[in-house]
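S.K.: Data file input_34.cif (mmCIF, C-alpha atoms (C1' of nucleotides)) is appended below.
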```cif
data_data
loop_
_atom_site.label_atom_id
_atom_site.label_comp_id
_atom_site.auth_asym_id
_atom_site.auth_seq_id
_atom_site.Cartn_x
_atom_site.Cartn_y
_atom_site.Cartn_z
CA MET S 1 5.62 0.41 -28.86
CA ALA S 2 4.99 4.05 -29.59
CA GLU S 3 5.58 6.97 -27.34
CA PRO S 4 2.95 7.74 -24.80
CA HIS S 5 1.84 11.34 -25.02
CA GLU S 6 4.39 13.87 -23.99
CA VAL S 7 2.98 15.96 -21.26
CA PRO S 8 4.71 19.32 -21.36
CA PRO S 9 7.15 18.85 -18.56
CA GLY S 10 4.53 19.88 -16.03
CA ARG S 11 6.66 19.62 -12.97
CA SER S 12 5.01 17.59 -10.37
CA GLY S 13 5.48 20.59 -8.13
CA GLU S 14 2.78 20.78 -5.52
CA ASP S 15 1.56 17.58 -6.85
CA GLY S 16 2.29 16.30 -3.40
CA ASP S 17 -1.09 16.97 -1.88
CA TRP S 18 -2.77 15.47 -4.86
CA ALA S 19 -0.65 12.37 -4.56
CA ALA S 20 -1.30 12.32 -0.85
CA GLY S 21 -5.02 12.46 -1.49
CA LEU S 22 -4.86 9.63 -3.94
CA ALA S 23 -2.57 7.68 -1.70
CA ARG S 24 -5.38 7.50 0.83
CA VAL S 25 -7.41 5.65 -1.72
CA VAL S 26 -5.03 3.64 -3.83
CA GLY S 27 -1.89 3.86 -1.79
CA ASP S 28 -1.93 0.44 -0.25
CA ARG S 29 -2.71 -3.14 -0.95
CA TRP S 30 -6.08 -3.16 0.74
CA SER S 31 -7.91 0.04 -0.03
CA ILE S 32 -8.74 -0.69 -3.66
CA LEU S 33 -9.53 -4.26 -2.82
CA ALA S 34 -11.88 -3.06 -0.10
CA ILE S 35 -13.53 -0.59 -2.44
CA ARG S 36 -13.94 -3.30 -5.00
CA ALA S 37 -15.50 -5.59 -2.42
CA ILE S 38 -17.96 -2.95 -1.31
CA PHE S 39 -18.63 -2.17 -4.94
CA ARG S 40 -19.52 -5.81 -5.41
CA GLY S 41 -22.05 -5.56 -2.66
CA ILE S 42 -20.24 -6.78 0.40
CA ARG S 43 -21.28 -4.41 3.08
CA ARG S 44 -20.47 -5.65 6.56
CA PHE S 45 -17.35 -5.62 8.58
CA ASP S 46 -17.08 -9.32 9.12
CA ASP S 47 -17.97 -10.14 5.56
CA LEU S 48 -15.37 -7.75 4.29
CA GLN S 49 -12.84 -9.20 6.63
CA ALA S 50 -13.56 -12.73 5.49
CA ASP S 51 -13.74 -11.88 1.82
CA LEU S 52 -10.54 -9.93 1.76
CA GLY S 53 -8.62 -12.10 4.16
CA ILE S 54 -7.38 -8.95 5.81
CA SER S 55 -6.66 -8.64 9.48
CA ARG S 56 -9.37 -6.95 11.50
CA GLY S 57 -7.18 -4.18 12.77
CA VAL S 58 -6.07 -3.18 9.32
CA LEU S 59 -9.61 -3.34 8.01
CA THR S 60 -10.79 -1.05 10.78
CA ASP S 61 -8.07 1.39 9.87
CA ARG S 62 -8.62 1.21 6.13
CA LEU S 63 -12.34 1.76 6.44
CA ARG S 64 -11.75 4.71 8.69
CA ARG S 65 -9.36 6.24 6.21
CA LEU S 66 -11.74 5.69 3.36
CA MET S 67 -14.47 7.33 5.36
CA ASP S 68 -12.19 10.26 6.13
CA ALA S 69 -11.44 10.49 2.45
CA GLY S 70 -15.17 10.60 1.77
CA VAL S 71 -15.14 7.55 -0.42
CA VAL S 72 -17.01 5.22 1.86
CA GLU S 73 -19.77 5.88 4.33
CA ARG S 74 -21.23 3.86 7.13
CA VAL S 75 -24.93 3.66 7.74
CA PRO S 76 -26.42 1.93 10.77
CA TYR S 77 -28.83 -0.81 9.86
CA GLN S 78 -29.81 -1.46 13.45
CA GLU S 79 -29.50 0.10 16.86
CA ASN S 80 -28.78 -1.76 20.03
CA PRO S 81 -26.10 -2.64 19.42
CA VAL S 82 -25.35 -0.40 16.50
CA ARG S 83 -24.38 -2.29 13.39
CA TYR S 84 -23.30 -0.79 10.14
CA ASP S 85 -23.42 -1.17 6.43
CA TYR S 86 -20.50 0.23 4.52
CA ARG S 87 -21.30 1.79 1.19
CA LEU S 88 -19.68 3.89 -1.43
CA THR S 89 -20.49 7.56 -1.46
CA PRO S 90 -21.02 9.26 -4.81
CA LYS S 91 -17.37 10.13 -4.71
CA GLY S 92 -16.55 6.50 -4.18
CA LEU S 93 -18.91 5.29 -6.85
CA GLU S 94 -17.13 7.49 -9.30
CA LEU S 95 -14.06 5.42 -8.77
CA SER S 96 -15.73 2.68 -10.71
CA PRO S 97 -14.09 3.47 -14.03
CA MET S 98 -10.81 2.99 -12.28
CA ILE S 99 -11.88 -0.23 -10.67
CA VAL S 100 -13.32 -1.52 -13.88
CA ALA S 101 -10.15 -0.65 -15.74
CA LEU S 102 -8.16 -2.47 -13.13
CA LEU S 103 -10.42 -5.50 -13.23
CA ARG S 104 -10.22 -5.72 -16.96
CA TRP S 105 -6.49 -5.31 -16.96
CA GLY S 106 -6.19 -7.91 -14.27
CA SER S 107 -8.32 -10.43 -16.06
CA LYS S 108 -6.37 -9.93 -19.25
CA TRP S 109 -2.87 -10.06 -17.81
CA VAL S 110 -2.94 -11.66 -14.44
CA GLY S 111 -3.68 -15.16 -13.27
CA GLY S 112 -3.75 -17.60 -16.11
CA THR S 113 -6.29 -18.17 -18.81
CA GLN S 114 -9.54 -18.58 -17.02
CA HIS S 115 -10.66 -15.72 -14.96
CA GLY S 116 -13.20 -14.01 -12.93
CA PRO S 117 -16.44 -12.35 -13.74
CA VAL S 118 -16.66 -10.70 -17.10
CA LEU S 119 -18.07 -7.22 -16.97
CA VAL S 120 -21.04 -6.64 -19.18
CA HIS S 121 -23.59 -4.09 -20.20
CA LYS S 122 -26.41 -4.81 -17.82
CA GLN S 123 -29.18 -4.23 -20.33
CA CYS S 124 -28.02 -6.63 -22.97
CA GLY S 125 -25.27 -8.76 -21.50
CA THR S 126 -22.63 -7.85 -24.03
CA GLU S 127 -19.14 -7.67 -22.68
CA LEU S 128 -18.36 -4.03 -22.19
CA GLU S 129 -15.54 -2.10 -23.70
CA GLN S 130 -13.89 0.77 -22.03
CA GLY S 131 -12.29 3.56 -23.91
CA PHE S 132 -11.85 7.22 -24.39
CA TRP S 133 -14.37 9.22 -26.24
CA CYS S 134 -14.09 12.53 -28.03
CA ARG S 135 -17.36 14.38 -28.32
CA THR S 136 -16.01 16.70 -30.95
CA CYS S 137 -14.77 14.02 -33.30
CA ARG S 138 -17.47 11.61 -32.18
CA THR S 139 -14.97 8.85 -32.01
CA THR S 140 -13.45 6.44 -29.54
CA PHE S 141 -9.74 6.04 -29.20
CA GLY S 142 -7.09 4.25 -27.18
CA PRO S 143 -4.19 5.20 -24.95
CA LEU S 144 -2.08 6.54 -27.77
CA GLY S 145 -4.63 9.16 -28.65
CA VAL S 146 -4.41 10.75 -25.25
CA GLY S 147 -2.65 14.08 -24.85
CA ALA S 148 -2.54 16.64 -22.10
CA ARG S 149 -3.04 20.34 -21.73
CA HIS S 150 -2.33 22.59 -18.78
CA GLU S 151 -4.96 24.96 -17.61
CA MET L 1 -27.20 6.70 -4.55
CA ALA L 2 -28.31 3.56 -6.28
CA GLU L 3 -27.01 0.09 -5.82
CA PRO L 4 -23.95 -0.85 -7.71
CA HIS L 5 -24.44 -3.95 -9.76
CA GLU L 6 -24.84 -7.11 -7.81
CA VAL L 7 -22.24 -9.58 -8.85
CA PRO L 8 -23.60 -13.06 -8.20
CA PRO L 9 -21.88 -13.83 -4.94
CA GLY L 10 -18.82 -15.02 -6.82
CA ARG L 11 -16.73 -15.95 -3.88
CA SER L 12 -13.37 -14.42 -4.10
CA GLY L 13 -12.03 -17.93 -3.88
CA GLU L 14 -8.65 -18.28 -5.48
CA ASP L 15 -8.87 -14.68 -6.12
CA GLY L 16 -5.77 -14.53 -4.05
CA ASP L 17 -3.28 -14.95 -6.85
CA TRP L 18 -5.13 -12.43 -8.88
CA ALA L 19 -5.04 -9.98 -6.03
CA ALA L 20 -1.40 -10.79 -5.49
CA GLY L 21 -0.69 -10.07 -9.12
CA LEU L 22 -2.46 -6.79 -8.97
CA ALA L 23 -0.85 -5.94 -5.70
CA ARG L 24 2.50 -5.95 -7.47
CA VAL L 25 1.21 -3.14 -9.59
CA VAL L 26 -1.17 -1.11 -7.52
CA GLY L 27 -0.47 -2.45 -4.10
CA ASP L 28 1.58 0.37 -2.74
CA ARG L 29 1.89 4.09 -2.69
CA TRP L 30 4.67 4.27 -5.26
CA SER L 31 3.99 1.82 -8.03
CA ILE L 32 1.11 3.62 -9.68
CA LEU L 33 2.84 6.92 -9.19
CA ALA L 34 5.94 5.53 -10.85
CA ILE L 35 3.92 4.13 -13.72
CA ARG L 36 2.23 7.44 -14.14
CA ALA L 37 5.58 9.23 -14.19
CA ILE L 38 6.96 6.89 -16.82
CA PHE L 39 3.74 7.24 -18.74
CA ARG L 40 4.32 10.98 -18.72
CA GLY L 41 7.69 10.51 -20.30
CA ILE L 42 10.04 10.51 -17.35
CA ARG L 43 12.45 7.75 -18.15
CA ARG L 44 15.57 7.85 -16.03
CA PHE L 45 16.29 6.71 -12.58
CA ASP L 46 17.40 10.03 -11.17
CA ASP L 47 14.58 11.90 -12.83
CA LEU L 48 12.06 9.48 -11.48
CA GLN L 49 13.59 9.74 -8.07
CA ALA L 50 13.45 13.54 -8.12
CA ASP L 51 9.98 13.70 -9.61
CA LEU L 52 8.45 11.26 -7.21
CA GLY L 53 10.36 12.32 -4.14
CA ILE L 54 10.84 8.68 -3.33
CA SER L 55 13.89 7.29 -1.65
CA ARG L 56 16.39 5.70 -3.99
CA GLY L 57 16.30 2.31 -2.39
CA VAL L 58 12.55 2.06 -2.68
CA LEU L 59 12.62 3.23 -6.26
CA THR L 60 15.15 0.56 -7.11
CA ASP L 61 12.91 -2.01 -5.55
CA ARG L 62 9.70 -0.77 -7.15
CA LEU L 63 11.22 -0.66 -10.61
CA ARG L 64 12.51 -4.15 -10.17
CA ARG L 65 9.11 -5.38 -9.13
CA LEU L 66 7.44 -3.67 -12.02
CA MET L 67 9.93 -5.24 -14.37
CA ASP L 68 9.29 -8.64 -12.82
CA ALA L 69 5.62 -8.03 -13.33
CA GLY L 70 6.30 -7.26 -16.97
CA VAL L 71 4.83 -3.80 -16.78
CA VAL L 72 8.03 -1.85 -17.17
CA GLU L 73 11.15 -2.61 -19.15
CA ARG L 74 14.60 -1.13 -19.11
CA VAL L 75 16.50 -0.41 -22.27
CA PRO L 76 20.11 0.72 -22.28
CA TYR L 77 20.59 4.03 -24.01
CA GLN L 78 24.36 3.91 -23.70
CA GLU L 79 27.10 1.47 -22.87
CA ASN L 80 30.11 2.28 -20.79
CA PRO L 81 28.80 2.80 -18.30
CA VAL L 82 25.46 1.25 -19.05
CA ARG L 83 22.61 3.64 -18.49
CA TYR L 84 18.96 2.85 -18.85
CA ASP L 85 15.67 4.23 -19.94
CA TYR L 86 12.63 2.84 -18.25
CA ARG L 87 9.58 2.40 -20.39
CA LEU L 88 6.21 0.80 -20.26
CA THR L 89 5.77 -2.52 -21.97
CA PRO L 90 2.58 -3.16 -23.93
CA LYS L 91 1.21 -4.70 -20.78
CA GLY L 92 2.09 -1.54 -18.91
CA LEU L 93 0.71 0.73 -21.55
CA GLU L 94 -2.58 -1.04 -21.24
CA LEU L 95 -2.81 0.20 -17.73
CA SER L 96 -3.49 3.63 -19.11
CA PRO L 97 -7.27 3.43 -18.83
CA MET L 98 -6.73 2.82 -15.17
CA ILE L 99 -4.28 5.65 -14.80
CA VAL L 100 -6.47 7.98 -16.76
CA ALA L 101 -9.46 7.05 -14.66
CA LEU L 102 -7.46 7.73 -11.56
CA LEU L 103 -6.16 11.03 -12.84
CA ARG L 104 -9.62 12.17 -13.75
CA TRP L 105 -11.02 11.11 -10.44
CA GLY L 106 -8.17 12.82 -8.67
CA SER L 107 -8.58 16.06 -10.50
CA LYS L 108 -12.27 16.07 -9.80
CA TRP L 109 -12.18 15.17 -6.15
CA VAL L 110 -8.77 15.81 -4.75
CA GLY L 111 -6.77 18.93 -4.14
CA GLY L 112 -8.93 22.02 -4.45
CA THR L 113 -10.38 23.72 -7.43
CA GLN L 114 -7.48 24.23 -9.77
CA HIS L 115 -5.69 21.21 -10.93
CA GLY L 116 -3.24 19.48 -13.07
CA PRO L 117 -3.12 18.70 -16.71
CA VAL L 118 -6.41 18.08 -18.43
CA LEU L 119 -6.43 15.01 -20.59
CA VAL L 120 -7.46 15.58 -24.15
CA HIS L 121 -7.92 13.88 -27.47
CA LYS L 122 -4.57 14.46 -29.13
CA GLN L 123 -5.96 15.07 -32.58
CA CYS L 124 -8.34 17.84 -31.71
CA GLY L 125 -7.59 18.98 -28.18
CA THR L 126 -11.06 18.29 -26.82
CA GLU L 127 -11.17 17.14 -23.25
CA LEU L 128 -11.67 13.43 -23.34
CA GLU L 129 -14.44 11.48 -21.76
CA GLN L 130 -14.07 8.03 -20.47
CA GLY L 131 -16.86 5.58 -20.35
CA PHE L 132 -18.13 2.16 -21.03
CA TRP L 133 -19.25 1.22 -24.45
CA CYS L 134 -21.59 -1.51 -25.64
CA ARG L 135 -20.97 -2.59 -29.19
CA THR L 136 -24.28 -4.35 -29.42
CA CYS L 137 -26.39 -1.41 -28.32
CA ARG L 138 -23.93 1.07 -29.80
CA THR L 139 -24.20 3.19 -26.73
CA THR L 140 -22.09 4.53 -23.94
CA PHE L 141 -23.07 4.14 -20.33
CA GLY L 142 -21.88 4.84 -16.82
CA PRO L 143 -21.06 2.79 -13.72
CA LEU L 144 -24.64 1.89 -13.01
CA GLY L 145 -25.00 0.11 -16.30
CA VAL L 146 -22.28 -2.34 -15.45
CA GLY L 147 -23.15 -5.92 -14.59
CA ALA L 148 -21.15 -9.10 -14.32
CA ARG L 149 -21.31 -12.60 -15.65
CA HIS L 150 -19.31 -15.66 -14.69
CA GLU L 151 -17.66 -17.70 -17.36
"C1'" DC U 1 43.72 16.05 -12.24
"C1'" DG U 2 39.27 17.41 -10.14
"C1'" DA U 3 34.37 17.89 -10.88
"C1'" DG U 4 30.27 16.05 -12.52
"C1'" DT U 5 26.77 12.47 -13.77
"C1'" DA U 6 24.03 8.25 -13.69
"C1'" DA U 7 22.48 4.37 -11.39
"C1'" DG U 8 22.54 2.17 -7.85
"C1'" DT U 9 23.79 -0.01 -2.80
"C1'" DC U 10 24.05 0.31 2.21
"C1'" DT U 11 22.75 1.85 6.83
"C1'" DG U 12 20.32 2.63 11.03
"C1'" DA U 13 16.15 4.81 12.75
"C1'" DT U 14 11.18 5.15 12.13
"C1'" DT U 15 6.56 3.69 10.52
"C1'" DT U 16 3.33 0.31 8.95
"C1'" DT U 17 1.51 -4.07 8.81
"C1'" DA U 18 0.09 -8.47 10.11
"C1'" DG U 19 -2.12 -11.88 13.21
"C1'" DA U 20 -4.27 -13.58 16.82
"C1'" DA U 21 -6.58 -13.06 21.01
"C1'" DC U 22 -9.65 -10.29 23.70
"C1'" DT U 23 -13.73 -6.99 24.74
"C1'" DC U 24 -18.32 -5.26 24.62
"C1'" DA U 25 -23.12 -5.17 23.81
"C1'" DC U 26 -26.33 -7.25 22.63
"C1'" DT U 27 -29.85 -11.52 20.63
"C1'" DC U 28 -31.47 -16.20 20.28
"C1'" DC U 29 -32.72 -20.65 22.02
"C1'" DC U 30 -33.87 -24.13 25.30
"C1'" DG C 1 -31.75 -17.13 32.96
"C1'" DG C 2 -27.53 -19.34 31.32
"C1'" DG C 3 -24.76 -20.56 27.41
"C1'" DA C 4 -23.78 -19.97 22.60
"C1'" DG C 5 -23.50 -16.90 18.93
"C1'" DT C 6 -22.83 -12.48 16.30
"C1'" DG C 7 -21.01 -8.06 14.80
"C1'" DA C 8 -17.75 -4.62 15.28
"C1'" DG C 9 -14.26 -3.42 16.95
"C1'" DT C 10 -9.51 -2.86 20.25
"C1'" DT C 11 -5.02 -4.34 22.02
"C1'" DC C 12 -0.86 -6.72 21.95
"C1'" DT C 13 3.67 -8.13 19.88
"C1'" DA C 14 6.59 -9.38 16.18
"C1'" DA C 15 7.86 -8.86 11.42
"C1'" DA C 16 8.27 -6.13 7.29
"C1'" DA C 17 8.51 -1.87 4.67
"C1'" DT C 18 10.01 3.04 4.48
"C1'" DC C 19 12.78 6.91 5.07
"C1'" DA C 20 16.93 10.23 4.22
"C1'" DG C 21 21.11 10.44 3.18
"C1'" DA C 22 25.95 8.90 2.61
"C1'" DC C 23 28.69 5.93 -0.10
"C1'" DT C 24 30.21 3.25 -4.58
"C1'" DT C 25 31.32 2.37 -9.30
"C1'" DA C 26 32.28 3.65 -13.82
"C1'" DC C 27 32.73 6.48 -16.63
"C1'" DT C 28 33.14 11.76 -19.36
"C1'" DC C 29 34.39 16.52 -19.74
"C1'" DG C 30 37.37 20.73 -19.27
#
```
Would you mind giving the structure from this file in structure tokens?
M.R.:
Amino acid sequence: MAEPHEVPPGRSGEDGDWAAGLARVVGDRWSILAIRAIFRGIRRFDDLQADLGISRGVLTDRLRRLMDAGVVERVPYQENPVRYDYRLTPKGLELSPMIVALLRWGSKWVGGTQHGPVLVHKQCGTELEQGFWCRTCRTTFGPLGVGARHE
Amino acid sequence: MAEPHEVPPGRSGEDGDWAAGLARVVGDRWSILAIRAIFRGIRRFDDLQADLGISRGVLTDRLRRLMDAGVVERVPYQENPVRYDYRLTPKGLELSPMIVALLRWGSKWVGGTQHGPVLVHKQCGTELEQGFWCRTCRTTFGPLGVGARHE
DNA sequence: CGAGTAAGTCTGATTTTAGAACTCACTCCC
DNA sequence: GGGAGTGAGTTCTAAAATCAGACTTACTCG
């Protein structure tokens, strides 16, 4: 196994706030799972609770945090009493590469041979590939081609 | 904001083990951060501890879990007393699309204007793009082009 | 010998989490 | 109009995870 890219030391310094921000979103067992569920089209509190098998209190808290983080939003679909749909904001939707990467990794490495939905290109049904792309070289490449630069 | 793809209901069913497997890796505040640190080339216990600002006990535990999960491995770099380097296994290295996605998302949405290392194509230094690729259509596409199929 | 280094372990105090039951504000059906 | 049902929470207690920091072990170096 080759070296991953060497990032010039780049002390994590005031990386703390960044990490804290991310922690809101990926820092616990449920948040990503919740995002994934919403991403899959599950939109209501009770459905989320049932699908995830999470306790109601924790779900309430997680959704609130995700809303605070601007990743999820809640839109009323009826008044009297008010009932909500949870959806991803643009910011949340942009997490999809991460979720997709996770899903693909999970289906490759976790949980036996058979598994889960295969992600495909909607237009043609071909299983999608995910990779890095360089617009200068007009080429795709894998993890080992990744480097870093400080700005 | 458009609908994300609708995955045919696809009950999460015995999704539990899958989730449990993933939870080992992304299910807490520290694991991804630790993987990212190792990915960046930080290899030793004390360095990881200092870089992450994590308590030693938790780091011990997280590294052990990641090793159990087969994502990280420990290779002695000296005997007497034995001292270790932590590294990503192939399985761990394949998490990089996920980490990269997260990093990119983080630098776009979290923590102000200025931020962090920019990820680039090592060969030419161009900032990389990450996307989905369809080998049939020979085209790249974004989150909204993603669908799902059950096998 | 004394100081330093690396990789942990141990400890008690704090913080989170989980789970189940309960509340509130309605609607639907006979 | 009374009972059952639904959706979205809140409240409670117990159990688990986290923290910072001191301590341990096994060396090496000057």
S.K.: Would you mind reading off the distance between CA of Tyr77 (chain L) and CA of Arg149 (chain S), one decimal, in Å?
M.R.: 28.8 Å
S.K.: What lies within 10 Å of DA17 (chain C) using only C-alpha atoms (C1' of nucleotides), ignoring chain neighbours under 3 positions off, as a list in words?
M.R.: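 Those residues are Val58 of chain L; DT15, DT16 and DT17 of chain U.
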S.K.: Considering only C-alpha atoms (C1' of nucleotides), extract the chain S residues located within 12 Å of chain C and return them as a list in words.
M.R.: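 Every residue meeting the condition is included here: Asp28, Arg44, Phe45, Asp46, Asp47, Leu48, Gln49, Ser55, Arg56, Gly57, Val58, Leu59, Thr60, Asp61, Leu63, Arg64, Pro76, Tyr77, Gln78, Glu79, Asn80, Pro81, Val82, Arg83, Tyr84 and Asp85 of chain S.
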S.K.: With distances taken over all atoms listed in the file, which residue among L:Phe132, L:Arg36, L:Arg138, L:Gly92 lies nearest chain S?
M.R.: L:Phe132
S.K.: Just say which residues the PyMOL selection byres ((chain L and resi 101) around 12) picks in this file, as a PyMOL selection string.
M.R.: (chain S and resi 22+94-102+130-132+143) or (chain L and resi 36+95-100+102-108+119+128-132)
S.K.: Report as number ranges by chain the full result of the PyMOL selection byres ((chain U) within 10 of (chain L)) when it is applied to this structure.
M.R.: U: 6-10
S.K.: Which residues fall under the PyMOL selection byres ((chain L and resi 146) around 8) in this file, as a VMD selection string?
M.R.: (chain S and resid 119 to 122 128) or (chain L and resid 5 142 to 145 147 to 148)
S.K.: Keeping only C-alpha atoms, take the residues you just selected and write them out as an mmCIF file, keeping the file's coordinate frame.
M.R.:
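The file below, selection-v8.cif, is the result:
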```cif
data_model
loop_
_atom_site.group_PDB
_atom_site.id
_atom_site.type_symbol
_atom_site.label_atom_id
_atom_site.label_comp_id
_atom_site.auth_asym_id
_atom_site.auth_seq_id
_atom_site.Cartn_x
_atom_site.Cartn_y
_atom_site.Cartn_z
ATOM 1 C CA LEU S 119 -18.070 -7.220 -16.970
ATOM 2 C CA VAL S 120 -21.040 -6.640 -19.180
ATOM 3 C CA HIS S 121 -23.590 -4.090 -20.200
ATOM 4 C CA LYS S 122 -26.410 -4.810 -17.820
ATOM 5 C CA LEU S 128 -18.360 -4.030 -22.190
ATOM 6 C CA HIS L 5 -24.440 -3.950 -9.760
ATOM 7 C CA GLY L 142 -21.880 4.840 -16.820
ATOM 8 C CA PRO L 143 -21.060 2.790 -13.720
ATOM 9 C CA LEU L 144 -24.640 1.890 -13.010
ATOM 10 C CA GLY L 145 -25.000 0.110 -16.300
ATOM 11 C CA GLY L 147 -23.150 -5.920 -14.590
ATOM 12 C CA ALA L 148 -21.150 -9.100 -14.320
#
```
S.K.: CA of Ala50 (chain L) and CA of Lys91 (chain L) are how many Å apart?
M.R.: 25.4 Å
S.K.: Work out how far CA of Gly70 (chain S) is from CA of Trp30 (chain S), in Å to one decimal.
M.R.: 16.5 Å
S.K.: Between L:Tyr86, L:Val75, L:Arg24, L:Arg40, which one has atoms that come closest to chain S, using only C-alpha atoms?
M.R.: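 Under the stated criterion, the closest residue is L:Arg40.
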